[in-house]
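Reviewing the structure listed below.
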There are 2 protein chains.
Amino acid sequence: MQKTFSISDLAQEFGVTTRTIRFYEEKGLLNPSRDGPHRRFSAGDRTKLRLILRGKRLGLSLDESAEIIGMYGTPGNNRRQLETLLSRIEEKRAELMVRRRELDAMLREMEQAERKCRTAMNELDANA
Amino acid sequence: MQKTFSISDLAQEFGVTTRTIRFYEEKGLLNPSRDGPHRRFSAGDRTKLRLILRGKRLGLSLDESAEIIGMYGTPGNNRRQLETLLSRIEEKRAELMVRRRELDAMLREMEQAERKCRTAMNELDANA
DNA sequence: GATGAACTTTACGTTAACGTAAACGATAGC
DNA sequence: GCTATCGTTTACGTTAACGTAAAGTTCATC
């Protein structure tokens, strides 16, 4: 008795078109079950969609998001698989931390631009 | 006697092709002067290129990067212009802060995945 | 003065991520 | 039984951000 979602449910909730969702399925990022010809999305699919869209906002490609999502599942039971997974996680995490630093730098620069702007406005006021 | 850079200087320094740099000029993101037919890039151009490429890594489009770079120059002297600029800066800054929160969330999730992975490995060790 | 390296312009090609349109099926309400 | 709504598949179109190839120029150097 799990809750499921239609394609337009998800499209509306996340502000994307149904075409987008079908495209993600086509690429293997989503695996809805079928109710006749109609897609039925699980809560897991919904979560994946949320992660994909967040990844997009952060500048990740769909393939990158797929890779990251793949890291979230239950890890395998094989030693070598676990080690491979762990190193891939570490690698991605390092990448993301670099991005975070760059983002922080950009934010600081914008704060500086804002200060310059306010200073210029104050000077206008002073000369009025 | 300012230092300038050739197109291949910058291409090599930043690990992009010359085509990429010409493309950015074509789009108005860079404005090198000319030495005969050859482009001469100033330190300012170099900085802009650096900002563009950083923007790309953060998932910004070239147009978005251009907009942000435009915010860094010396602000105008007109009151209305200043107010417009200030609100655009504020808007972009808010956007970037949202991204930062999302990036942090993703990083936390990856740390969690890493812990799960390590736990699984420890269990393998224990049962050996 | 021929060669090679670095540069130029012009122009068509490519990939990711969808948009858009056509043509069709199921189902609910009037 | 007609129509509207929601879904389906198939297939070609579009945009951003370059890649790639062709054909020519300039300048140092052998």
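A note on labels: chains of the structure tokens are A, B, ... as shown, every chain counts residues from 1, and ligands are counted from 1 in their shown order.
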
Residues of chain A in strand (DSSP E or B) according to DSSP, as JSON, numbers by chain?
-> {"A": [5, 33, 34, 35, 38, 39, 40, 41]}

With the cut-off set at 10 Å and counting only C-alpha atoms (C1' of nucleotides), tabulate each residue of chain A with an atom at most that distance from an atom of chain D, showing the nearest atom pair and its distance in Å to one decimal, ordered by chain and increasing number, as a Markdown table.
```
| residue | atom | partner | partner_atom | distance |
| --- | --- | --- | --- | --- |
| A:Ser6 | CA | D:DG7 | C1' | 9.6 |
| A:Ile7 | CA | D:DG7 | C1' | 8.9 |
| A:Ser8 | CA | D:DC6 | C1' | 8.8 |
| A:Pro37 | CA | D:DT8 | C1' | 6.8 |
| A:His38 | CA | D:DG7 | C1' | 6.5 |
| A:Arg39 | CA | D:DG7 | C1' | 8.9 |
```

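Shortest atom-to-atom contact with chain A among C:DA16, C:DC30, C:DA23, C:DG1: C:DA16, counting only C-alpha atoms (C1' of nucleotides).
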
Check every residue of chain A for an atom within 8 Å of chain C, counting only C-alpha atoms (C1' of nucleotides), and provide those that qualify as a list in words.
-> Arg19, Thr20 and Phe23 of chain A

Would you save the residues of that selection, restricted to N, CA and C atoms, as a short mmCIF file (atom, residue, chain, number, x, y, z; two decimals), in the first residue's frame?
```cif
data_model
loop_
_atom_site.label_atom_id
_atom_site.label_comp_id
_atom_site.auth_asym_id
_atom_site.auth_seq_id
_atom_site.Cartn_x
_atom_site.Cartn_y
_atom_site.Cartn_z
N ARG A 19 8.04 15.62 -20.35
CA ARG A 19 9.10 15.23 -21.29
C ARG A 19 10.42 15.03 -20.57
N THR A 20 10.71 15.93 -19.67
CA THR A 20 11.95 15.85 -18.90
C THR A 20 12.00 14.54 -18.11
N PHE A 23 12.50 11.66 -20.31
CA PHE A 23 13.90 11.66 -20.77
C PHE A 23 14.81 11.05 -19.71
#
```

May I ask you to extract the residues of chain B within 6 Å of chain A, using only C-alpha atoms, and to give them as a list in words?
->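 Output check: Leu58, Gly59, Tyr72 and Ala113 of chain B.
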
Chain B onto chain A, all Cα, least squares, as a PDB file with C-alpha atoms, in the first residue's frame:
```pdb
ATOM      1  CA  MET B   1      -0.017   0.060   0.042  1.00  0.00           C
ATOM      2  CA  GLN B   2       2.867   2.346  -0.860  1.00  0.00           C
ATOM      3  CA  LYS B   3       2.174   5.771  -2.162  1.00  0.00           C
ATOM      4  CA  THR B   4       2.931   6.274  -5.829  1.00  0.00           C
ATOM      5  CA  PHE B   5       2.939   9.246  -8.148  1.00  0.00           C
ATOM      6  CA  SER B   6       1.856   9.854 -11.718  1.00  0.00           C
ATOM      7  CA  ILE B   7       4.172  11.546 -14.141  1.00  0.00           C
ATOM      8  CA  SER B   8       2.256  14.805 -13.937  1.00  0.00           C
ATOM      9  CA  ASP B   9       2.257  14.656 -10.147  1.00  0.00           C
ATOM     10  CA  LEU B  10       6.023  14.784 -10.168  1.00  0.00           C
ATOM     11  CA  ALA B  11       6.181  17.238 -13.049  1.00  0.00           C
ATOM     12  CA  GLN B  12       4.012  19.673 -11.166  1.00  0.00           C
ATOM     13  CA  GLU B  13       5.703  19.180  -7.818  1.00  0.00           C
ATOM     14  CA  PHE B  14       9.164  19.855  -9.212  1.00  0.00           C
ATOM     15  CA  GLY B  15       8.275  22.340 -11.916  1.00  0.00           C
ATOM     16  CA  VAL B  16       9.523  20.332 -14.859  1.00  0.00           C
ATOM     17  CA  THR B  17       7.745  18.979 -17.925  1.00  0.00           C
ATOM     18  CA  THR B  18       6.682  15.391 -18.379  1.00  0.00           C
ATOM     19  CA  ARG B  19       9.084  15.237 -21.292  1.00  0.00           C
ATOM     20  CA  THR B  20      11.931  15.868 -18.897  1.00  0.00           C
ATOM     21  CA  ILE B  21      10.860  13.005 -16.658  1.00  0.00           C
ATOM     22  CA  ARG B  22      10.485  10.617 -19.593  1.00  0.00           C
ATOM     23  CA  PHE B  23      13.892  11.687 -20.763  1.00  0.00           C
ATOM     24  CA  TYR B  24      15.401  10.809 -17.393  1.00  0.00           C
ATOM     25  CA  GLU B  25      13.768   7.407 -17.544  1.00  0.00           C
ATOM     26  CA  GLU B  26      15.070   6.935 -21.079  1.00  0.00           C
ATOM     27  CA  LYS B  27      18.549   7.588 -19.733  1.00  0.00           C
ATOM     28  CA  GLY B  28      18.043   5.056 -16.954  1.00  0.00           C
ATOM     29  CA  LEU B  29      17.939   7.572 -14.103  1.00  0.00           C
ATOM     30  CA  LEU B  30      14.401   6.639 -13.127  1.00  0.00           C
ATOM     31  CA  ASN B  31      12.699   3.247 -13.231  1.00  0.00           C
ATOM     32  CA  PRO B  32       8.969   3.667 -12.690  1.00  0.00           C
ATOM     33  CA  SER B  33       6.814   0.563 -12.675  1.00  0.00           C
ATOM     34  CA  ARG B  34       3.853   0.311 -14.991  1.00  0.00           C
ATOM     35  CA  ASP B  35       0.158   0.339 -14.397  1.00  0.00           C
ATOM     36  CA  GLY B  36      -0.925  -0.858 -17.796  1.00  0.00           C
ATOM     37  CA  PRO B  37       0.786   1.590 -20.120  1.00  0.00           C
ATOM     38  CA  HIS B  38       1.021   4.287 -17.450  1.00  0.00           C
ATOM     39  CA  ARG B  39       4.071   5.007 -15.326  1.00  0.00           C
ATOM     40  CA  ARG B  40       3.838   4.703 -11.559  1.00  0.00           C
ATOM     41  CA  PHE B  41       6.630   6.415  -9.670  1.00  0.00           C
ATOM     42  CA  SER B  42       7.650   5.252  -6.207  1.00  0.00           C
ATOM     43  CA  ALA B  43       8.870   7.413  -3.354  1.00  0.00           C
ATOM     44  CA  GLY B  44      12.369   6.291  -4.299  1.00  0.00           C
ATOM     45  CA  ASP B  45      11.907   7.580  -7.838  1.00  0.00           C
ATOM     46  CA  ARG B  46      10.701  10.844  -6.407  1.00  0.00           C
ATOM     47  CA  THR B  47      13.806  11.134  -4.261  1.00  0.00           C
ATOM     48  CA  LYS B  48      16.030  10.376  -7.224  1.00  0.00           C
ATOM     49  CA  LEU B  49      14.307  13.061  -9.259  1.00  0.00           C
ATOM     50  CA  ARG B  50      14.862  15.534  -6.460  1.00  0.00           C
ATOM     51  CA  LEU B  51      18.554  14.645  -6.354  1.00  0.00           C
ATOM     52  CA  ILE B  52      18.908  14.914 -10.125  1.00  0.00           C
ATOM     53  CA  LEU B  53      17.370  18.372 -10.174  1.00  0.00           C
ATOM     54  CA  ARG B  54      19.498  19.531  -7.286  1.00  0.00           C
ATOM     55  CA  GLY B  55      22.536  18.215  -9.107  1.00  0.00           C
ATOM     56  CA  LYS B  56      21.529  20.213 -12.155  1.00  0.00           C
ATOM     57  CA  ARG B  57      21.346  23.404 -10.136  1.00  0.00           C
ATOM     58  CA  LEU B  58      24.857  22.661  -8.921  1.00  0.00           C
ATOM     59  CA  GLY B  59      26.112  22.238 -12.459  1.00  0.00           C
ATOM     60  CA  LEU B  60      26.342  18.453 -12.519  1.00  0.00           C
ATOM     61  CA  SER B  61      25.587  16.599 -15.729  1.00  0.00           C
ATOM     62  CA  LEU B  62      22.928  13.912 -15.656  1.00  0.00           C
ATOM     63  CA  ASP B  63      25.632  11.287 -15.856  1.00  0.00           C
ATOM     64  CA  GLU B  64      27.374  12.742 -12.821  1.00  0.00           C
ATOM     65  CA  SER B  65      24.148  12.843 -10.867  1.00  0.00           C
ATOM     66  CA  ALA B  66      23.474   9.253 -11.845  1.00  0.00           C
ATOM     67  CA  GLU B  67      26.884   8.289 -10.559  1.00  0.00           C
ATOM     68  CA  ILE B  68      26.355  10.031  -7.257  1.00  0.00           C
ATOM     69  CA  ILE B  69      22.888   8.589  -6.801  1.00  0.00           C
ATOM     70  CA  GLY B  70      24.364   5.167  -7.414  1.00  0.00           C
ATOM     71  CA  MET B  71      26.598   5.731  -4.392  1.00  0.00           C
ATOM     72  CA  TYR B  72      23.677   6.139  -2.038  1.00  0.00           C
ATOM     73  CA  GLY B  73      22.189   2.654  -2.360  1.00  0.00           C
ATOM     74  CA  THR B  74      23.097  -0.229  -0.093  1.00  0.00           C
ATOM     75  CA  PRO B  75      26.741  -1.012  -0.703  1.00  0.00           C
ATOM     76  CA  GLY B  76      27.641  -4.460  -2.077  1.00  0.00           C
ATOM     77  CA  ASN B  77      29.089  -7.272   0.001  1.00  0.00           C
ATOM     78  CA  ASN B  78      32.201  -7.808  -2.028  1.00  0.00           C
ATOM     79  CA  ARG B  79      35.470  -6.489  -0.694  1.00  0.00           C
ATOM     80  CA  ARG B  80      36.814  -5.098  -3.942  1.00  0.00           C
ATOM     81  CA  GLN B  81      33.509  -3.481  -4.814  1.00  0.00           C
ATOM     82  CA  LEU B  82      33.455  -1.756  -1.463  1.00  0.00           C
ATOM     83  CA  GLU B  83      36.943  -0.408  -1.887  1.00  0.00           C
ATOM     84  CA  THR B  84      36.183   0.848  -5.377  1.00  0.00           C
ATOM     85  CA  LEU B  85      33.009   2.511  -4.180  1.00  0.00           C
ATOM     86  CA  LEU B  86      34.789   4.096  -1.261  1.00  0.00           C
ATOM     87  CA  SER B  87      37.465   5.619  -3.427  1.00  0.00           C
ATOM     88  CA  ARG B  88      34.899   6.916  -5.897  1.00  0.00           C
ATOM     89  CA  ILE B  89      32.995   8.513  -3.062  1.00  0.00           C
ATOM     90  CA  GLU B  90      36.168  10.106  -1.753  1.00  0.00           C
ATOM     91  CA  GLU B  91      36.988  11.443  -5.181  1.00  0.00           C
ATOM     92  CA  LYS B  92      33.580  12.997  -5.713  1.00  0.00           C
ATOM     93  CA  ARG B  93      33.588  14.433  -2.246  1.00  0.00           C
ATOM     94  CA  ALA B  94      36.920  16.109  -2.889  1.00  0.00           C
ATOM     95  CA  GLU B  95      35.577  17.558  -6.134  1.00  0.00           C
ATOM     96  CA  LEU B  96      32.542  18.960  -4.389  1.00  0.00           C
ATOM     97  CA  MET B  97      34.667  20.502  -1.659  1.00  0.00           C
ATOM     98  CA  VAL B  98      36.680  22.326  -4.296  1.00  0.00           C
ATOM     99  CA  ARG B  99      33.464  23.657  -5.703  1.00  0.00           C
ATOM    100  CA  ARG B 100      32.405  24.782  -2.299  1.00  0.00           C
ATOM    101  CA  ARG B 101      35.564  26.797  -1.852  1.00  0.00           C
ATOM    102  CA  GLU B 102      35.101  28.371  -5.269  1.00  0.00           C
ATOM    103  CA  LEU B 103      31.515  29.207  -4.478  1.00  0.00           C
ATOM    104  CA  ASP B 104      32.588  30.830  -1.231  1.00  0.00           C
ATOM    105  CA  ALA B 105      35.169  32.869  -3.091  1.00  0.00           C
ATOM    106  CA  MET B 106      32.545  34.064  -5.533  1.00  0.00           C
ATOM    107  CA  LEU B 107      30.227  34.990  -2.684  1.00  0.00           C
ATOM    108  CA  ARG B 108      32.956  37.040  -1.026  1.00  0.00           C
ATOM    109  CA  GLU B 109      33.603  38.884  -4.266  1.00  0.00           C
ATOM    110  CA  MET B 110      29.960  39.727  -4.581  1.00  0.00           C
ATOM    111  CA  GLU B 111      29.884  41.054  -1.056  1.00  0.00           C
ATOM    112  CA  GLN B 112      32.790  43.258  -1.968  1.00  0.00           C
ATOM    113  CA  ALA B 113      30.966  44.496  -5.082  1.00  0.00           C
ATOM    114  CA  GLU B 114      27.983  45.242  -2.895  1.00  0.00           C
ATOM    115  CA  ARG B 115      30.071  47.283  -0.488  1.00  0.00           C
ATOM    116  CA  LYS B 116      31.546  49.293  -3.355  1.00  0.00           C
ATOM    117  CA  CYS B 117      28.078  49.933  -4.600  1.00  0.00           C
ATOM    118  CA  ARG B 118      26.854  51.138  -1.227  1.00  0.00           C
ATOM    119  CA  THR B 119      29.880  53.360  -0.818  1.00  0.00           C
ATOM    120  CA  ALA B 120      29.166  54.982  -4.164  1.00  0.00           C
ATOM    121  CA  MET B 121      25.584  55.618  -3.113  1.00  0.00           C
ATOM    122  CA  ASN B 122      26.673  57.171   0.152  1.00  0.00           C
ATOM    123  CA  GLU B 123      28.962  59.519  -1.698  1.00  0.00           C
ATOM    124  CA  LEU B 124      26.094  60.572  -3.890  1.00  0.00           C
ATOM    125  CA  ASP B 125      24.079  61.315  -0.778  1.00  0.00           C
ATOM    126  CA  ALA B 126      26.916  63.278   0.777  1.00  0.00           C
ATOM    127  CA  ASN B 127      27.279  65.486  -2.314  1.00  0.00           C
ATOM    128  CA  ALA B 128      23.566  66.249  -2.408  1.00  0.00           C
TER     129      ALA B 128
END
```
